[in-house]
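Here the structure comes first, spelled out in structure tokens, and everything after it is commentary.
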Amino acid sequence: MRLRFPLIFCLATLAATPAVAQLVDENLLLTMPDGYKVGFSTKKNNMVMTEMVPAAETVEGWTEMVTVQIFLGTKDTSPGQFKTRMEGMWRNACANASSQPVADAADNGYPASVWLMSCPLNAKTGKPEITWFKAIQGNDSFYVVQKAFKFEPSNEQVMTWTGYLKKVSVCDSRLPDRACPLVLR
């Protein structure tokens with residue numbers, strides 16, 4: 001299995017001489033949010049994780065963050081199962097944690113779910129934490145993209161970031177009905 005996220009991420013964020021490339025196999029499609037930078041990236045066992053924060057922030061002192069997790073080779077976990085695990089973890093970490101479903105529907109033919117979780121007061125930070133999740137069950141891997149705030153986002157921010165998550169998807173060059181787009185690099 002080839003790791004495709006770094007390829008997509010680099011192609012979507014680097015300015016280079018225009019050329020067209022074809023993505024191969026299953027890929028997570030997303031872009032670096034405007035004004036953001038990669039604050040942390042790691043690969044451990046079968047999990048690849050990247051944390052992106054506003055350019056003036058760090059992963060140690062963030063107020064907003066986008067986290068991308070790819071669980072390589074994990075294809076038997078459903079978005080609902082992942083959501084249930086996350087809800088349990090949040091309830092253990094925050095006495096008044098809540099979870100609200102946003103959407104449960106196929107995304108480009110893949111099972112997907114979007115939900116909102118909130119903690120009115122995170123005991124570790126002393127601040128609220130509000131996070132939108134999008135989980136997609138691919139044929140090769142399992143994908144999760146999160147947008148977190150350590151404050152109550154404005155309606156405009158909610159609209160911007162739910163629009164961002166709506167554009168996150170998975171494609172597969174091996175499946176004509178889920179074909180990957182040509183990308184400029």
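Following the order of the structure tokens, first chain is A, next is B, and so on, with residues numbered from 1 inside each chain and ligands from 1 in the order they appear.
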
Discussion item. Excluding Thr131 of chain A and its own-chain neighbours fewer than 3 positions away, which residues fall within 6 Å of it when counting only C-alpha atoms? Please give them as number ranges by chain.
Written reply: A: 116-117, 147-148

Practice prompt. Please provide the set of residues having any atom within 8 Å of Lys134 of chain A, restricted to only C-alpha atoms, with same-chain residues fewer than 4 positions apart removed, written as a PyMOL selection string.
Written response: chain A and resi 112-115+144-146+165

Restricting the output to all heavy atoms, write the selected residues as a CSV table (one decimal), in the first residue's frame.
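Produced file again_2.csv, reproduced below:
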```
chain,number,residue,atom,x,y,z
A,112,ALA,N,-19.6,8.0,5.1
A,112,ALA,CA,-19.0,9.2,5.8
A,112,ALA,C,-20.0,9.7,6.8
A,112,ALA,O,-21.2,9.5,6.8
A,112,ALA,CB,-18.7,10.3,4.7
A,113,SER,N,-19.4,10.4,7.8
A,113,SER,CA,-20.2,11.0,8.8
A,113,SER,C,-19.5,12.3,9.2
A,113,SER,O,-18.3,12.4,9.3
A,113,SER,CB,-20.3,10.1,10.0
A,113,SER,OG,-21.2,10.6,11.0
A,114,VAL,N,-20.4,13.3,9.5
A,114,VAL,CA,-19.9,14.6,10.1
A,114,VAL,C,-20.7,14.9,11.4
A,114,VAL,O,-21.9,14.7,11.4
A,114,VAL,CB,-20.2,15.8,9.1
A,114,VAL,CG1,-19.7,17.1,9.7
A,114,VAL,CG2,-19.5,15.5,7.8
A,115,TRP,N,-19.9,15.3,12.4
A,115,TRP,CA,-20.6,15.6,13.7
A,115,TRP,C,-19.8,16.6,14.4
A,115,TRP,O,-18.7,16.9,14.1
A,115,TRP,CB,-20.8,14.3,14.5
A,115,TRP,CG,-19.5,13.7,15.1
A,115,TRP,CD1,-19.0,13.9,16.3
A,115,TRP,CD2,-18.6,12.8,14.4
A,115,TRP,NE1,-17.8,13.2,16.5
A,115,TRP,CE2,-17.6,12.5,15.3
A,115,TRP,CE3,-18.6,12.2,13.1
A,115,TRP,CZ2,-16.5,11.6,15.0
A,115,TRP,CZ3,-17.6,11.3,12.8
A,115,TRP,CH2,-16.6,11.0,13.7
A,144,VAL,N,-9.9,10.8,8.9
A,144,VAL,CA,-10.6,11.7,9.8
A,144,VAL,C,-10.0,13.1,9.7
A,144,VAL,O,-8.8,13.2,9.7
A,144,VAL,CB,-10.5,11.2,11.3
A,144,VAL,CG1,-11.3,12.2,12.2
A,144,VAL,CG2,-11.0,9.8,11.4
A,145,VAL,N,-10.9,14.1,9.5
A,145,VAL,CA,-10.4,15.4,9.4
A,145,VAL,C,-11.2,16.2,10.5
A,145,VAL,O,-12.4,16.0,10.6
A,145,VAL,CB,-10.6,16.1,8.1
A,145,VAL,CG1,-10.2,17.6,8.1
A,145,VAL,CG2,-9.8,15.3,7.0
A,146,GLN,N,-10.5,16.9,11.4
A,146,GLN,CA,-11.2,17.6,12.5
A,146,GLN,C,-10.8,19.1,12.4
A,146,GLN,O,-9.7,19.5,12.0
A,146,GLN,CB,-10.6,17.2,13.8
A,146,GLN,CG,-10.7,15.7,14.1
A,146,GLN,CD,-10.0,15.3,15.3
A,146,GLN,OE1,-10.0,16.0,16.3
A,146,GLN,NE2,-9.3,14.2,15.3
A,165,LEU,N,-15.0,21.4,5.3
A,165,LEU,CA,-15.2,19.9,5.6
A,165,LEU,C,-16.0,19.2,4.5
A,165,LEU,O,-15.7,18.1,4.1
A,165,LEU,CB,-15.8,19.6,6.9
A,165,LEU,CG,-14.9,19.9,8.1
A,165,LEU,CD1,-15.7,19.7,9.4
A,165,LEU,CD2,-13.7,19.0,8.1
```

Item to complete: Once DSSP has gone over the backbone, tell me which residues of chain A are in strand (DSSP E), as a PyMOL selection string.
Response: chain A and resi 20-22+26-29+36-44+47-54+64-72+98-104+112-119+129-137+141-149+169-172+182-184

Worksheet item: So which residues touch Val24 of chain A within 8 Å, counting only C-alpha atoms, skipping near sequence neighbours fewer than 5 positions away, as a PyMOL selection string?
Response: chain A and resi 172-174+180

Worksheet item: Any idea what the distance is between atom CA of Pro120 of chain A and atom CA of Pro153 of chain A?
Response: 12.8 Å

Practice prompt. Report the residues of segment 52-144 of chain A whose backbone DSSP state falls under alpha helix (DSSP H), written as a PyMOL selection string.
Written response: chain A and resi 79-93

Export N, CA and C atoms of the chosen residues as an mmCIF file, in the first residue's frame?
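What landed in again_20.cif:
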```cif
data_model
loop_
_atom_site.group_PDB
_atom_site.id
_atom_site.type_symbol
_atom_site.label_atom_id
_atom_site.label_comp_id
_atom_site.auth_asym_id
_atom_site.auth_seq_id
_atom_site.Cartn_x
_atom_site.Cartn_y
_atom_site.Cartn_z
ATOM 1 N N PRO A 79 -17.647 5.001 10.122
ATOM 2 C CA PRO A 79 -17.687 6.326 10.739
ATOM 3 C C PRO A 79 -18.494 6.325 12.043
ATOM 4 N N GLY A 80 -19.581 5.555 12.093
ATOM 5 C CA GLY A 80 -20.385 5.480 13.318
ATOM 6 C C GLY A 80 -19.625 4.866 14.475
ATOM 7 N N GLN A 81 -18.844 3.825 14.219
ATOM 8 C CA GLN A 81 -18.038 3.200 15.272
ATOM 9 C C GLN A 81 -16.979 4.181 15.786
ATOM 10 N N PHE A 82 -16.337 4.886 14.874
ATOM 11 C CA PHE A 82 -15.321 5.859 15.270
ATOM 12 C C PHE A 82 -15.963 6.977 16.104
ATOM 13 N N LYS A 83 -17.112 7.464 15.661
ATOM 14 C CA LYS A 83 -17.825 8.518 16.390
ATOM 15 C C LYS A 83 -18.157 8.060 17.808
ATOM 16 N N THR A 84 -18.635 6.848 17.962
ATOM 17 C CA THR A 84 -18.980 6.322 19.286
ATOM 18 C C THR A 84 -17.749 6.279 20.197
ATOM 19 N N ARG A 85 -16.604 5.846 19.646
ATOM 20 C CA ARG A 85 -15.359 5.838 20.440
ATOM 21 C C ARG A 85 -14.968 7.246 20.862
ATOM 22 N N MET A 86 -15.055 8.207 19.921
ATOM 23 C CA MET A 86 -14.694 9.593 20.233
ATOM 24 C C MET A 86 -15.623 10.175 21.297
ATOM 25 N N GLU A 87 -16.906 9.875 21.198
ATOM 26 C CA GLU A 87 -17.851 10.375 22.196
ATOM 27 C C GLU A 87 -17.499 9.860 23.583
ATOM 28 N N GLY A 88 -17.120 8.605 23.691
ATOM 29 C CA GLY A 88 -16.712 8.049 24.983
ATOM 30 C C GLY A 88 -15.473 8.728 25.523
ATOM 31 N N MET A 89 -14.500 8.976 24.657
ATOM 32 C CA MET A 89 -13.269 9.654 25.087
ATOM 33 C C MET A 89 -13.569 11.077 25.554
ATOM 34 N N TRP A 90 -14.425 11.789 24.832
ATOM 35 C CA TRP A 90 -14.765 13.157 25.228
ATOM 36 C C TRP A 90 -15.526 13.168 26.549
ATOM 37 N N ARG A 91 -16.456 12.223 26.747
ATOM 38 C CA ARG A 91 -17.198 12.174 28.018
ATOM 39 C C ARG A 91 -16.254 11.907 29.185
ATOM 40 N N ASN A 92 -15.231 11.067 28.964
ATOM 41 C CA ASN A 92 -14.252 10.803 30.023
ATOM 42 C C ASN A 92 -13.382 12.013 30.320
ATOM 43 N N ALA A 93 -13.135 12.850 29.328
ATOM 44 C CA ALA A 93 -12.267 14.016 29.496
ATOM 45 C C ALA A 93 -13.026 15.266 29.928
#
```

Discussion item. Show me, as a list in words, the residues that have an atom within 10 Å of Gly138 of chain A when counting only C-alpha atoms, minus same-chain residues fewer than 4 positions from it.
Written reply: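 The filter keeps Glu26, Asn27, Leu28, Phe71, Leu72, Gly73, Thr74, Lys75, Asp76, Thr77, Ser78, Gly109, Tyr110, Pro111, Ala112, Phe142, Tyr143, Ser169, Val170, Cys171 and Asp172 of chain A.
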
Item to complete: Enter the distance from atom CA of Ala105 of chain A to atom CA of Tyr164 of chain A, in Å, rounded to one decimal.
Response: 16.7 Å

Discussion item. So, with only C-alpha atoms as the atoms that count, which of A:Glu64, A:Glu51, A:Asp107, A:Asp177 lies closest to Glu152 of chain A?
Written reply: A:Glu64

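Nearest-residue note for Val66 of chain A: choosing from A:Asn122, A:Trp161, A:Lys43, A:Ala135, the minimum distance belongs to A:Trp161, counting only C-alpha atoms.
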
Practice prompt. Enter the distance from atom CA of Trp62 of chain A to atom CA of Ala95 of chain A, in Å, rounded to one decimal.
Written response: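 These two atoms are separated by 22.5 Å.
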
Practice prompt. Go through A:Met32, A:Val158, A:Leu182, A:Ile70 and flag the residue nearest Ala55 of chain A, using only C-alpha atoms for the distances.
Written response: A:Met32
